[in-house]
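Reviewing the structure listed below.
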Amino acid sequence: QIYSSDLSSTIWGHLDFRLPPLYAAFVNGVAVHSMDFDDTWHPATHPSGAVLPALIALSEAFPQKKKISGLDLLLAFNVGIEVQGRLLHFSREARNIPKRFHPPAVVGTMGSAAACAKLLALDQLECKNALAIAASYAGAPLANAATQIKPLHVGNAAKHGLEAACLALQGLQGNKQILDTESGMGAFYTDYNPQTLPTLQSYPWLLDQQDVAIKRFPAHLATHWVADAASSVRRKLVESSENLLPLDKIEKVILKVPEVKYVNRPSPDSEHEARHSFQFVACSALLDGSMSVQSFANENVHRPALQELLCKTQLEHPPDNTPSFDSLYCEVSVTLQDGNMISDRCTTFYGHWRKPLKKEDLEKKFQSNALGILPTEAIEGIIETVYNLEKVEDCSVLSTFLSGQSARALPEKL
């Protein structure tokens, strides 16, 4: 029943192509993480990509007479984010930059299941079963980070969470203690220690803390500290060089960063490896003064000036620089052949939750990403709908805009 193609959901950016909800959740989830450009928070994961595609696809599968409001969508979304955060808080290992499992593949799958269970109004027993089913779908090794496969982790989390909730609705049962046991969620973390949660009356929602980072360029979050520090060093270097980096006068570049093995890539050979390379981002920012989507184009990854600078770059790992998105820093030092050294340190980049993007910069990022895919009217419609989501009576208006239709096609829904 749940794999039936009688129902279909929007593939974002495509007017004439739809898929069954499970596969729409997968495709849109992959798209969300395709450039590693989606939101990140602390504890460390990409929270939205696993939840939002599943919820939007599922909302389109409801009968016409049962409309899903924007408030329904928001509440289910919050539940999906909350479950991820609570699970991550049960492990100190999970709260830092990961070493073994890619977090969206673990907690993202659970969050997607919880969000879909909420939207489907499952009872308590069905919710437990949904999480138990989702846990058997969870987990992807970090070794596939910096490859084309990494975005599949988010797509799978969205699809598998939706699938788990649908199977629970059909009556499939699993281990009701999946969140509490060492052989359940504890299988993913060496120090997993679940805690009893507060009562609903005194429950503090994790999203109230607003620990969400929005990236300005599409790469691993840790590289954003590097980019800001390197850009600052470049400004000092070019003050007396007619705005050109004195490449031939640079003897070495030292990056003081936390020890994060999968972001230590001295010679990245693809855009995916470049997105996960302290060295690449530092050298690109030194050469160009800033980072953008275009920084990861093939011609920029392989340009001779960048390769030359990469050969002069080394990493250092100060013991006080822990791999936590809440406390890490980056220091970039450039030593010139005349012995002069120019350095700068970044402790909070622009876009971090301590220094959030301004509203106009957030909108500019969305517009820039969407412009090649959606018409301007649809882009404006999405922005307006999102800002007023709690007042929207039928959230399918969002799917209509995401498909690329303009507001003129929606008089009855608006």
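Labels for the structure tokens follow display order: chains A, B, ..., residues from 1 in each chain, ligands from 1.
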
Show me, as a PDB file with C-alpha atoms, in the first residue's frame, the residues that have an atom within 9 Å of range 133-137 of chain A when counting only C-alpha atoms, minus same-chain residues fewer than 3 positions from it.
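Listing of selection_15.pdb after writing:
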ATOM      1  CA  ALA A 105      22.002   9.249   8.544  1.00  0.00           C
ATOM      2  CA  VAL A 106      21.535   8.367  12.223  1.00  0.00           C
ATOM      3  CA  VAL A 107      19.500  11.025  14.057  1.00  0.00           C
ATOM      4  CA  THR A 109      16.362   9.175  10.074  1.00  0.00           C
ATOM      5  CA  MET A 110      14.873   9.170  13.591  1.00  0.00           C
ATOM      6  CA  SER A 112      12.136  12.202   9.948  1.00  0.00           C
ATOM      7  CA  ALA A 113      10.205   9.273  11.427  1.00  0.00           C
ATOM      8  CA  LYS A 128       7.435   3.863  19.360  1.00  0.00           C
ATOM      9  CA  ASN A 129       7.210   1.418  16.483  1.00  0.00           C
ATOM     10  CA  ALA A 130       8.010   4.150  13.946  1.00  0.00           C
ATOM     11  CA  ASN A 156      17.728   8.218   2.625  1.00  0.00           C
ATOM     12  CA  ALA A 157      17.045   9.722   6.054  1.00  0.00           C
ATOM     13  CA  HIS A 160      13.363   6.021   5.513  1.00  0.00           C
ATOM     14  CA  GLY A 161      11.766   8.157   8.215  1.00  0.00           C
ATOM     15  CA  LEU A 162       8.619   8.558   6.126  1.00  0.00           C
ATOM     16  CA  GLU A 163       8.679   4.850   5.305  1.00  0.00           C
ATOM     17  CA  ALA A 164       9.059   3.922   8.985  1.00  0.00           C
ATOM     18  CA  ALA A 165       6.052   6.059   9.989  1.00  0.00           C
ATOM     19  CA  LEU A 167       4.898   1.006   8.152  1.00  0.00           C
ATOM     20  CA  ALA A 168       4.071   1.726  11.808  1.00  0.00           C
ATOM     21  CA  LEU A 172       4.529  -3.230  11.869  1.00  0.00           C
ATOM     22  CA  GLN A 173       6.150  -3.548  15.302  1.00  0.00           C
ATOM     23  CA  GLY A 174       9.693  -3.256  16.618  1.00  0.00           C
ATOM     24  CA  ASN A 175      11.596  -2.992  19.901  1.00  0.00           C
ATOM     25  CA  ILE A 178      15.078   1.120  20.927  1.00  0.00           C
ATOM     26  CA  LEU A 179      16.086   4.526  22.341  1.00  0.00           C
ATOM     27  CA  GLY A 184      19.589   0.118  20.006  1.00  0.00           C
ATOM     28  CA  MET A 185      20.611   3.754  19.496  1.00  0.00           C
TER      29      MET A 185
END

ask   = Which of these, A:Ala114, A:Leu286, A:Leu245, A:Val226, has the shortest distance to Leu315 in chain A once you count only C-alpha atoms?
value =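 Of the candidates, the smallest distance to Leu315 in chain A is held by A:Val226.
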
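Proximity to Ala132 in chain A was assessed for A:Asp180, A:Thr335, A:Leu357, A:Pro53 counting only C-alpha atoms; the smallest distance is recorded for A:Asp180.
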
ask   = Of the candidates A:Glu82, A:Glu251, A:Glu182, A:Asp16, which one gets nearest to Asp338 in chain A if we count only C-alpha atoms?
value =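 For Asp338 in chain A, the nearest of the candidates is A:Glu251.
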
query = Hey, what's within 8 Å of Glu316 in chain A if we count only C-alpha atoms and toss same-chain stuff fewer than 3 positions away? As a list in words, please?
reply =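 Once the nearby chain positions are removed, what remains is Ile254, Leu255, Lys256 and Val257 of chain A.
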
For the residues selected in the previous step, produce a file with N, CA and C atoms as an mmCIF file, in the first residue's frame.
data_model
loop_
_atom_site.group_PDB
_atom_site.id
_atom_site.type_symbol
_atom_site.label_atom_id
_atom_site.label_comp_id
_atom_site.auth_asym_id
_atom_site.auth_seq_id
_atom_site.Cartn_x
_atom_site.Cartn_y
_atom_site.Cartn_z
ATOM 1 N N ILE A 254 50.312 28.365 7.555
ATOM 2 C CA ILE A 254 50.000 27.473 8.672
ATOM 3 C C ILE A 254 48.546 27.678 9.085
ATOM 4 N N LEU A 255 47.799 26.583 9.172
ATOM 5 C CA LEU A 255 46.414 26.624 9.642
ATOM 6 C C LEU A 255 46.331 25.941 10.993
ATOM 7 N N LYS A 256 45.915 26.669 12.003
ATOM 8 C CA LYS A 256 45.707 26.083 13.327
ATOM 9 C C LYS A 256 44.224 25.772 13.473
ATOM 10 N N VAL A 257 43.898 24.491 13.373
ATOM 11 C CA VAL A 257 42.510 24.028 13.332
ATOM 12 C C VAL A 257 42.354 22.813 14.246
#

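Among the candidate residues A:Leu328, A:Ile383, A:Met341, A:Ala222, the one lying nearest to Phe401 in chain A is A:Ile383, with distances computed using only C-alpha atoms.
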
task = Please give the complete set of residues from range 194-350 of chain A that DSSP, run on the backbone, assigns to strand (DSSP E), formatted as number ranges by chain.
result = A: 212-213, 250-256, 313-316, 330-336, 341-346

Would you mind listing, for every residue of range 338-406 of chain A within 12 Å of range 29-42 of chain A, the two atoms forming the shortest contact and the distance between them in Å to one decimal, using only C-alpha atoms, sorted by chain and ascending residue number, as a tab-separated table?
residue	atom	partner	partner_atom	distance
A:Gly351	CA	A:Asp39	CA	9.9
A:His352	CA	A:Trp41	CA	8.8
A:Trp353	CA	A:Trp41	CA	8.1
A:Arg354	CA	A:Trp41	CA	11.4
A:Pro356	CA	A:Asp39	CA	11.8
A:Leu357	CA	A:Asp39	CA	11.9
A:Leu362	CA	A:Asp39	CA	11.4
A:Lys365	CA	A:Phe37	CA	10.1
A:Phe366	CA	A:Phe37	CA	10.6
A:Asn369	CA	A:Phe37	CA	9.8
A:Ala370	CA	A:Val32	CA	11.7

Export, as a short mmCIF file (atom, residue, chain, number, x, y, z; two decimals), in the first residue's frame, the selected residues with N, CA and C atoms.
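Output contents, as saved in selection.cif:
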data_model
loop_
_atom_site.label_atom_id
_atom_site.label_comp_id
_atom_site.auth_asym_id
_atom_site.auth_seq_id
_atom_site.Cartn_x
_atom_site.Cartn_y
_atom_site.Cartn_z
N GLY A 351 27.38 33.88 10.09
CA GLY A 351 26.49 32.78 9.73
C GLY A 351 26.36 31.79 10.87
N HIS A 352 27.32 31.84 11.82
CA HIS A 352 27.25 31.02 13.04
C HIS A 352 26.10 31.52 13.90
N TRP A 353 25.60 30.65 14.81
CA TRP A 353 24.46 31.07 15.63
C TRP A 353 24.81 32.22 16.57
N ARG A 354 26.10 32.41 16.86
CA ARG A 354 26.47 33.58 17.67
C ARG A 354 26.56 34.84 16.82
N PRO A 356 24.50 35.44 13.54
CA PRO A 356 23.61 34.94 12.47
C PRO A 356 23.54 35.87 11.27
N LEU A 357 23.19 35.27 10.13
CA LEU A 357 23.01 36.05 8.91
C LEU A 357 21.87 37.05 9.09
N LEU A 362 20.17 36.20 4.17
CA LEU A 362 19.51 34.89 4.11
C LEU A 362 18.64 34.80 2.85
N LYS A 365 20.78 34.51 -0.30
CA LYS A 365 21.29 33.14 -0.51
C LYS A 365 20.21 32.28 -1.17
N PHE A 366 19.01 32.31 -0.62
CA PHE A 366 17.93 31.49 -1.18
C PHE A 366 17.64 31.88 -2.63
N ASN A 369 20.33 30.62 -5.01
CA ASN A 369 20.26 29.18 -5.23
C ASN A 369 19.07 28.78 -6.10
N ALA A 370 17.96 29.48 -5.92
CA ALA A 370 16.72 29.08 -6.58
C ALA A 370 16.56 29.65 -7.99
#

Distance in Å - CA of Leu309 in chain A versus CA of Gly289 in chain A =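 These atoms are spaced 14.2 Å apart.
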
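Of the listed residues (A:Ser91, A:Ser231, A:Asn96, A:Gln177), A:Ser91 comes nearest to Pro194 in chain A; the distances count only C-alpha atoms.
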
key: Residues flagged helix (DSSP H, G or I) by DSSP in range 137-299 of chain A, as a count of residues only   = 81

request  = Have a look at A:His89, A:Leu55, A:Pro319, A:Ser4 and name the one nearest to Tyr189 in chain A; count only C-alpha atoms.
outcome  =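 Selected residue with least distance to Tyr189 in chain A: A:His89.
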
If you count only C-alpha atoms, which residues fall within 10 Å of Asp6 in chain A, apart from same-chain ones fewer than 5 positions away, as an mmCIF file with N, CA and C atoms, in the first residue's frame?
data_model
loop_
_atom_site.group_PDB
_atom_site.id
_atom_site.type_symbol
_atom_site.label_atom_id
_atom_site.label_comp_id
_atom_site.auth_asym_id
_atom_site.auth_seq_id
_atom_site.Cartn_x
_atom_site.Cartn_y
_atom_site.Cartn_z
ATOM 1 N N GLN A 1 0.818 -1.223 0.000
ATOM 2 C CA GLN A 1 0.000 0.000 0.000
ATOM 3 C C GLN A 1 0.850 1.272 0.000
ATOM 4 N N LEU A 19 6.731 12.072 -8.218
ATOM 5 C CA LEU A 19 7.043 10.707 -7.803
ATOM 6 C C LEU A 19 6.175 10.320 -6.616
ATOM 7 N N PRO A 20 6.034 9.015 -6.341
ATOM 8 C CA PRO A 20 5.376 8.616 -5.098
ATOM 9 C C PRO A 20 6.071 9.283 -3.906
ATOM 10 N N ALA A 61 0.199 13.827 0.172
ATOM 11 C CA ALA A 61 -0.450 12.523 0.031
ATOM 12 C C ALA A 61 -1.772 12.437 0.797
#

remark   = Between CA of Glu273 in chain A and CA of Gly13 in chain A lies a distance of 26.7 Å
